[in-house]
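Trainee: File name query-v5.cif; file contents mmCIF, C-alpha atoms and all ligand atoms; chains and numbers go by the auth columns; full text below.
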data_final
loop_
_atom_site.group_PDB
_atom_site.id
_atom_site.type_symbol
_atom_site.label_atom_id
_atom_site.label_comp_id
_atom_site.label_asym_id
_atom_site.label_seq_id
_atom_site.Cartn_x
_atom_site.Cartn_y
_atom_site.Cartn_z
_atom_site.B_iso_or_equiv
_atom_site.auth_seq_id
_atom_site.auth_asym_id
ATOM 1 C CA MET A 1 17.882 -15.041 16.686 0.00 1 A
ATOM 2 C CA ASN A 2 15.017 -17.269 17.757 0.00 2 A
ATOM 3 C CA SER A 3 15.443 -18.379 21.344 0.00 3 A
ATOM 4 C CA ASN A 4 15.025 -22.063 20.501 0.00 4 A
ATOM 5 C CA THR A 5 16.800 -22.415 17.155 0.00 5 A
ATOM 6 C CA SER A 6 19.952 -21.154 15.534 0.00 6 A
ATOM 7 C CA THR A 7 18.036 -19.898 12.452 0.00 7 A
ATOM 8 C CA PRO A 8 17.934 -16.107 12.240 0.00 8 A
ATOM 9 C CA SER A 9 14.355 -14.836 12.287 0.00 9 A
ATOM 10 C CA ARG A 10 13.102 -12.023 10.078 0.00 10 A
ATOM 11 C CA ILE A 11 10.115 -9.765 10.207 0.00 11 A
ATOM 12 C CA ARG A 12 7.445 -10.952 7.784 0.00 12 A
ATOM 13 C CA SER A 13 5.739 -8.092 6.001 0.00 13 A
ATOM 14 C CA TYR A 14 2.442 -9.854 5.201 0.00 14 A
ATOM 15 C CA VAL A 15 -0.088 -12.388 6.393 0.00 15 A
ATOM 16 C CA ARG A 16 -1.030 -15.085 3.879 0.00 16 A
ATOM 17 C CA ARG A 17 -4.760 -14.709 3.280 0.00 17 A
ATOM 18 C CA GLU A 18 -6.430 -15.906 0.152 0.00 18 A
ATOM 19 C CA GLY A 19 -9.235 -13.354 0.290 0.00 19 A
ATOM 20 C CA ARG A 20 -12.184 -13.566 -2.043 0.00 20 A
ATOM 21 C CA LEU A 21 -11.471 -13.960 -5.732 0.00 21 A
ATOM 22 C CA THR A 22 -14.117 -12.681 -8.122 0.00 22 A
ATOM 23 C CA ARG A 23 -15.172 -14.916 -10.990 0.00 23 A
ATOM 24 C CA ALA A 24 -13.361 -12.618 -13.390 0.00 24 A
ATOM 25 C CA GLN A 25 -10.175 -12.893 -11.309 0.00 25 A
ATOM 26 C CA VAL A 26 -10.426 -16.701 -11.261 0.00 26 A
ATOM 27 C CA ARG A 27 -10.783 -16.658 -15.055 0.00 27 A
ATOM 28 C CA ALA A 28 -7.820 -14.280 -15.364 0.00 28 A
ATOM 29 C CA LEU A 29 -5.643 -16.475 -13.153 0.00 29 A
ATOM 30 C CA GLU A 30 -6.515 -19.511 -15.267 0.00 30 A
ATOM 31 C CA THR A 31 -6.186 -17.979 -18.712 0.00 31 A
ATOM 32 C CA LEU A 32 -3.778 -15.015 -18.408 0.00 32 A
ATOM 33 C CA TRP A 33 -1.356 -16.285 -15.755 0.00 33 A
ATOM 34 C CA PRO A 34 0.467 -18.605 -18.188 0.00 34 A
ATOM 35 C CA ARG A 35 1.207 -15.574 -20.403 0.00 35 A
ATOM 36 C CA PHE A 36 2.106 -12.937 -17.795 0.00 36 A
ATOM 37 C CA GLY A 37 2.916 -14.875 -14.615 0.00 37 A
ATOM 38 C CA ILE A 38 6.356 -16.107 -13.646 0.00 38 A
ATOM 39 C CA VAL A 39 7.140 -18.941 -11.257 0.00 39 A
ATOM 40 C CA PRO A 40 10.824 -18.301 -10.611 0.00 40 A
ATOM 41 C CA GLU A 41 13.339 -21.096 -10.925 0.00 41 A
ATOM 42 C CA GLY A 42 16.965 -20.108 -10.590 0.00 42 A
ATOM 43 C CA VAL A 43 18.076 -16.602 -11.487 0.00 43 A
ATOM 44 C CA LEU A 44 15.581 -14.952 -13.837 0.00 44 A
ATOM 45 C CA ASP A 45 16.658 -14.099 -17.381 0.00 45 A
ATOM 46 C CA LEU A 46 14.660 -10.889 -17.770 0.00 46 A
ATOM 47 C CA ASP A 47 15.668 -10.325 -21.406 0.00 47 A
ATOM 48 C CA ALA A 48 14.201 -13.732 -22.249 0.00 48 A
ATOM 49 C CA ILE A 49 11.101 -13.149 -20.131 0.00 49 A
ATOM 50 C CA PHE A 50 10.309 -9.800 -21.768 0.00 50 A
ATOM 51 C CA HIS A 51 11.655 -10.800 -25.210 0.00 51 A
ATOM 52 C CA ARG A 52 13.739 -7.624 -25.381 0.00 52 A
ATOM 53 C CA GLN A 53 16.278 -5.392 -23.625 0.00 53 A
ATOM 54 C CA ALA A 54 14.732 -2.342 -21.986 0.00 54 A
ATOM 55 C CA GLU A 55 14.839 -0.166 -18.917 0.00 55 A
ATOM 56 C CA ARG A 56 13.105 -2.037 -16.121 0.00 56 A
ATOM 57 C CA THR A 57 11.188 -1.252 -12.971 0.00 57 A
ATOM 58 C CA LEU A 58 10.388 -3.620 -10.116 0.00 58 A
ATOM 59 C CA GLU A 59 7.354 -2.888 -7.961 0.00 59 A
ATOM 60 C CA ILE A 60 7.247 -4.752 -4.649 0.00 60 A
ATOM 61 C CA GLY A 61 3.766 -5.266 -3.174 0.00 61 A
ATOM 62 C CA PHE A 62 1.678 -3.753 -5.977 0.00 62 A
ATOM 63 C CA GLY A 63 -1.660 -4.252 -4.195 0.00 63 A
ATOM 64 C CA ASN A 64 -4.363 -4.318 -6.878 0.00 64 A
ATOM 65 C CA GLY A 65 -1.817 -3.232 -9.505 0.00 65 A
ATOM 66 C CA ASP A 66 -3.670 -0.175 -10.779 0.00 66 A
ATOM 67 C CA SER A 67 -0.651 2.112 -10.411 0.00 67 A
ATOM 68 C CA LEU A 68 1.598 -0.506 -12.016 0.00 68 A
ATOM 69 C CA ALA A 69 -0.780 -0.763 -14.983 0.00 69 A
ATOM 70 C CA ASP A 70 -0.908 3.062 -15.241 0.00 70 A
ATOM 71 C CA MET A 71 2.902 3.237 -15.381 0.00 71 A
ATOM 72 C CA ALA A 72 3.069 0.472 -17.996 0.00 72 A
ATOM 73 C CA VAL A 73 0.561 2.334 -20.171 0.00 73 A
ATOM 74 C CA ALA A 74 2.530 5.569 -19.831 0.00 74 A
ATOM 75 C CA GLU A 75 5.883 3.944 -20.713 0.00 75 A
ATOM 76 C CA PRO A 76 5.365 1.159 -23.259 0.00 76 A
ATOM 77 C CA GLU A 77 9.095 1.103 -24.015 0.00 77 A
ATOM 78 C CA HIS A 78 9.827 0.277 -20.354 0.00 78 A
ATOM 79 C CA ASP A 79 9.386 -3.169 -18.735 0.00 79 A
ATOM 80 C CA TYR A 80 7.671 -3.698 -15.368 0.00 80 A
ATOM 81 C CA LEU A 81 7.927 -6.639 -12.996 0.00 81 A
ATOM 82 C CA GLY A 82 5.468 -6.725 -10.084 0.00 82 A
ATOM 83 C CA ILE A 83 5.727 -8.974 -7.034 0.00 83 A
ATOM 84 C CA GLU A 84 2.671 -9.442 -4.839 0.00 84 A
ATOM 85 C CA VAL A 85 1.649 -12.139 -2.349 0.00 85 A
ATOM 86 C CA HIS A 86 -2.102 -11.434 -2.419 0.00 86 A
ATOM 87 C CA ARG A 87 -3.799 -13.460 -5.205 0.00 87 A
ATOM 88 C CA PRO A 88 -6.870 -11.255 -5.677 0.00 88 A
ATOM 89 C CA GLY A 89 -4.475 -8.381 -6.392 0.00 89 A
ATOM 90 C CA VAL A 90 -2.687 -10.530 -8.963 0.00 90 A
ATOM 91 C CA GLY A 91 -6.053 -11.435 -10.547 0.00 91 A
ATOM 92 C CA HIS A 92 -7.043 -7.767 -10.637 0.00 92 A
ATOM 93 C CA LEU A 93 -3.796 -6.758 -12.357 0.00 93 A
ATOM 94 C CA LEU A 94 -4.143 -9.573 -14.915 0.00 94 A
ATOM 95 C CA LEU A 95 -7.571 -8.189 -15.828 0.00 95 A
ATOM 96 C CA GLU A 96 -6.095 -4.690 -16.228 0.00 96 A
ATOM 97 C CA ILE A 97 -3.333 -6.095 -18.436 0.00 97 A
ATOM 98 C CA GLU A 98 -5.976 -7.702 -20.641 0.00 98 A
ATOM 99 C CA LYS A 99 -8.268 -4.650 -20.674 0.00 99 A
ATOM 100 C CA ARG A 100 -5.437 -2.252 -21.569 0.00 100 A
ATOM 101 C CA GLY A 101 -3.639 -4.623 -23.951 0.00 101 A
ATOM 102 C CA LEU A 102 -0.334 -4.411 -22.063 0.00 102 A
ATOM 103 C CA GLU A 103 2.707 -6.430 -23.109 0.00 103 A
ATOM 104 C CA ASN A 104 5.313 -4.886 -20.803 0.00 104 A
ATOM 105 C CA ILE A 105 4.271 -6.319 -17.413 0.00 105 A
ATOM 106 C CA ARG A 106 5.147 -9.637 -15.770 0.00 106 A
ATOM 107 C CA ILE A 107 3.966 -10.798 -12.355 0.00 107 A
ATOM 108 C CA ILE A 108 5.396 -12.956 -9.585 0.00 108 A
ATOM 109 C CA ASN A 109 2.920 -14.151 -6.924 0.00 109 A
ATOM 110 C CA ASP A 110 5.339 -14.772 -4.062 0.00 110 A
ATOM 111 C CA ASP A 111 7.236 -13.266 -1.149 0.00 111 A
ATOM 112 C CA ALA A 112 9.420 -10.497 -2.551 0.00 112 A
ATOM 113 C CA VAL A 113 12.120 -11.148 0.043 0.00 113 A
ATOM 114 C CA GLN A 114 12.539 -14.734 -1.153 0.00 114 A
ATOM 115 C CA VAL A 115 12.384 -13.679 -4.796 0.00 115 A
ATOM 116 C CA LEU A 116 15.032 -10.988 -4.340 0.00 116 A
ATOM 117 C CA GLN A 117 17.300 -13.292 -2.363 0.00 117 A
ATOM 118 C CA HIS A 118 17.194 -16.207 -4.773 0.00 118 A
ATOM 119 C CA HIS A 119 15.940 -15.195 -8.214 0.00 119 A
ATOM 120 C CA ILE A 120 16.997 -11.655 -9.132 0.00 120 A
ATOM 121 C CA ALA A 121 20.534 -10.856 -10.284 0.00 121 A
ATOM 122 C CA ASP A 122 22.235 -7.700 -9.026 0.00 122 A
ATOM 123 C CA HIS A 123 21.675 -4.564 -11.135 0.00 123 A
ATOM 124 C CA SER A 124 18.588 -6.040 -12.842 0.00 124 A
ATOM 125 C CA PHE A 125 16.402 -2.956 -12.399 0.00 125 A
ATOM 126 C CA ASP A 126 16.688 0.762 -13.086 0.00 126 A
ATOM 127 C CA ARG A 127 14.009 1.504 -10.465 0.00 127 A
ATOM 128 C CA VAL A 128 12.640 -0.394 -7.488 0.00 128 A
ATOM 129 C CA LEU A 129 9.307 0.906 -6.163 0.00 129 A
ATOM 130 C CA LEU A 130 7.653 0.220 -2.840 0.00 130 A
ATOM 131 C CA LEU A 131 4.527 2.344 -2.872 0.00 131 A
ATOM 132 C CA LEU A 132 2.052 3.059 -0.101 0.00 132 A
ATOM 133 C CA SER A 133 -1.189 4.700 -1.180 0.00 133 A
ATOM 134 C CA LEU A 134 -2.522 7.355 1.153 0.00 134 A
ATOM 135 C CA ILE A 135 -6.251 7.264 1.721 0.00 135 A
ATOM 136 C CA HIS A 136 -7.727 10.606 2.700 0.00 136 A
ATOM 137 C CA ILE A 137 -10.850 10.435 4.845 0.00 137 A
HETATM 138 C C1 LIG B . 0.105 -1.257 2.056 0.00 201 A
HETATM 139 S S1 LIG B . -0.188 -2.304 0.658 0.00 201 A
HETATM 140 C C2 LIG B . 0.260 -1.179 -0.667 0.00 201 A
HETATM 141 C C3 LIG B . -0.277 -1.636 -1.980 0.00 201 A
HETATM 142 C C4 LIG B . 0.073 -0.716 -3.166 0.00 201 A
HETATM 143 N N1 LIG B . 1.496 -0.626 -3.373 0.00 201 A
HETATM 144 C C5 LIG B . -0.532 0.647 -2.965 0.00 201 A
HETATM 145 O O1 LIG B . 0.212 1.615 -2.861 0.00 201 A
HETATM 146 O O2 LIG B . -1.769 0.735 -2.917 0.00 201 A
HETATM 147 C C6 LIG B . 1.229 -3.427 0.727 0.00 201 A
HETATM 148 C C7 LIG B . 1.162 -4.534 -0.287 0.00 201 A
HETATM 149 O O3 LIG B . 2.366 -5.260 -0.247 0.00 201 A
HETATM 150 C C8 LIG B . 2.088 -6.655 -0.278 0.00 201 A
HETATM 151 N N2 LIG B . 3.218 -7.316 0.373 0.00 201 A
HETATM 152 C C9 LIG B . 3.600 -7.191 1.664 0.00 201 A
HETATM 153 N N3 LIG B . 4.691 -7.895 1.913 0.00 201 A
HETATM 154 C C10 LIG B . 5.041 -8.494 0.733 0.00 201 A
HETATM 155 C C11 LIG B . 6.099 -9.355 0.364 0.00 201 A
HETATM 156 N N4 LIG B . 7.023 -9.755 1.230 0.00 201 A
HETATM 157 N N5 LIG B . 6.155 -9.779 -0.920 0.00 201 A
HETATM 158 C C12 LIG B . 5.213 -9.383 -1.826 0.00 201 A
HETATM 159 N N6 LIG B . 4.186 -8.564 -1.516 0.00 201 A
HETATM 160 C C13 LIG B . 4.102 -8.120 -0.250 0.00 201 A
HETATM 161 C C14 LIG B . 0.748 -6.793 0.434 0.00 201 A
HETATM 162 O O4 LIG B . 0.046 -7.971 0.068 0.00 201 A
HETATM 163 C C15 LIG B . 0.034 -5.531 -0.031 0.00 201 A
HETATM 164 O O5 LIG B . -0.684 -5.723 -1.222 0.00 201 A
#
Show me this structure written as C-alpha cells.
Mentor:
Amino acid sequence: MNSNTSTPSRIRSYVRREGRLTRAQVRALETLWPRFGIVPEGVLDLDAIFHRQAERTLEIGFGNGDSLADMAVAEPEHDYLGIEVHRPGVGHLLLEIEKRGLENIRIINDDAVQVLQHHIADHSFDRVLLLLSLIHI
C-alpha cells in the first residue's frame, strides 16, 4: 500500500517515452492503425475483431514486433494480438504487417495490465507470450 493513500500500488513495467518515430512509422500509424489497431472499449469480441474463430496468441510487450510478424507469417490460420506501450514499436509492426500482407494480427497500444484487467475475457487465448530477446555481445 502507498503510505499516504489507501490505493494499492503496483510495479509499473515501463516508462512512457514517445521516442522518435520515423516518417514511415508516422504514415503507418495514420493509414494502417484504423485497420489493425484496437482501442479497447468494454470486453473485446475477438471473433468480431478477427472476422473468424481461430486459435489465438497474445504477445505482451512485442517490442518492434518482428517476432510477432514472423509467427503470423508462419501460422496464417492462427490469430495474433499484440499489446505494446511504445509507439515506434507499434509503427514498426504496422509496416511489417503491410510489407508481408498479414491479415491475422491486431495491435493494442496500451498498458497490458490495464487491458488484461478490463478488456480481455477469461480463456480468450491459447497462448500468452512474454518474450525477452537475448542480445549476444
Ligand atoms: C525487454 S522488451 C522485449 C521486447 C520484445 N518482446 C523482444 O523480445 O525483443 C519489453 C517490451 O515490453 C513493453 N512493455 C513493458 N511493459 C508493458 C506493459 N505493461 N504493457 C505493454 N507493453 C509493455 C516495452 O515497451 C518493451 O517493448
Trainee: A:Leu93, A:Ile105, A:Leu68, A:Leu81: which is nearest A:Ile120, counting all atoms listed in the file?
Mentor: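 Answer, going by the shortest atom-to-atom distance: A:Leu81.
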Trainee: Would you write out, as JSON, numbers by chain, every residue that the PyMOL selection byres (((chain A and resi 65) around 12) and not hetatm) captures in this file?
Mentor: {"A": [59, 60, 61, 62, 63, 64, 66, 67, 68, 69, 70, 71, 72, 80, 81, 82, 83, 84, 85, 86, 87, 88, 89, 90, 91, 92, 93, 94, 95, 96, 97, 105, 106, 107, 131, 132, 133]}
Trainee: Show me, as an MDAnalysis selection string, the residues that have an atom within 12 Å of A:Gly42 when counting only C-alpha atoms, minus same-chain residues fewer than 4 positions from it.
Mentor: chainID A and resid 38 46 114:121
Trainee: Go through A:Thr22, A:Val15, A:Glu30, A:Arg56 one by one, measure the shortest atom-to-atom distance of each to A:Val128 using all atoms listed in the file, and give the residue with the smallest value.
Mentor: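 The closest residue to A:Val128 is A:Arg56.
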Trainee: Env of A:Thr31: 12 Å cut, atoms = only C-alpha atoms, seq-sep filter 4 positions within chain, self excluded. Answer as a PyMOL selection string.
Mentor: chain A and resi 24-27+35-37+91+94-95+98
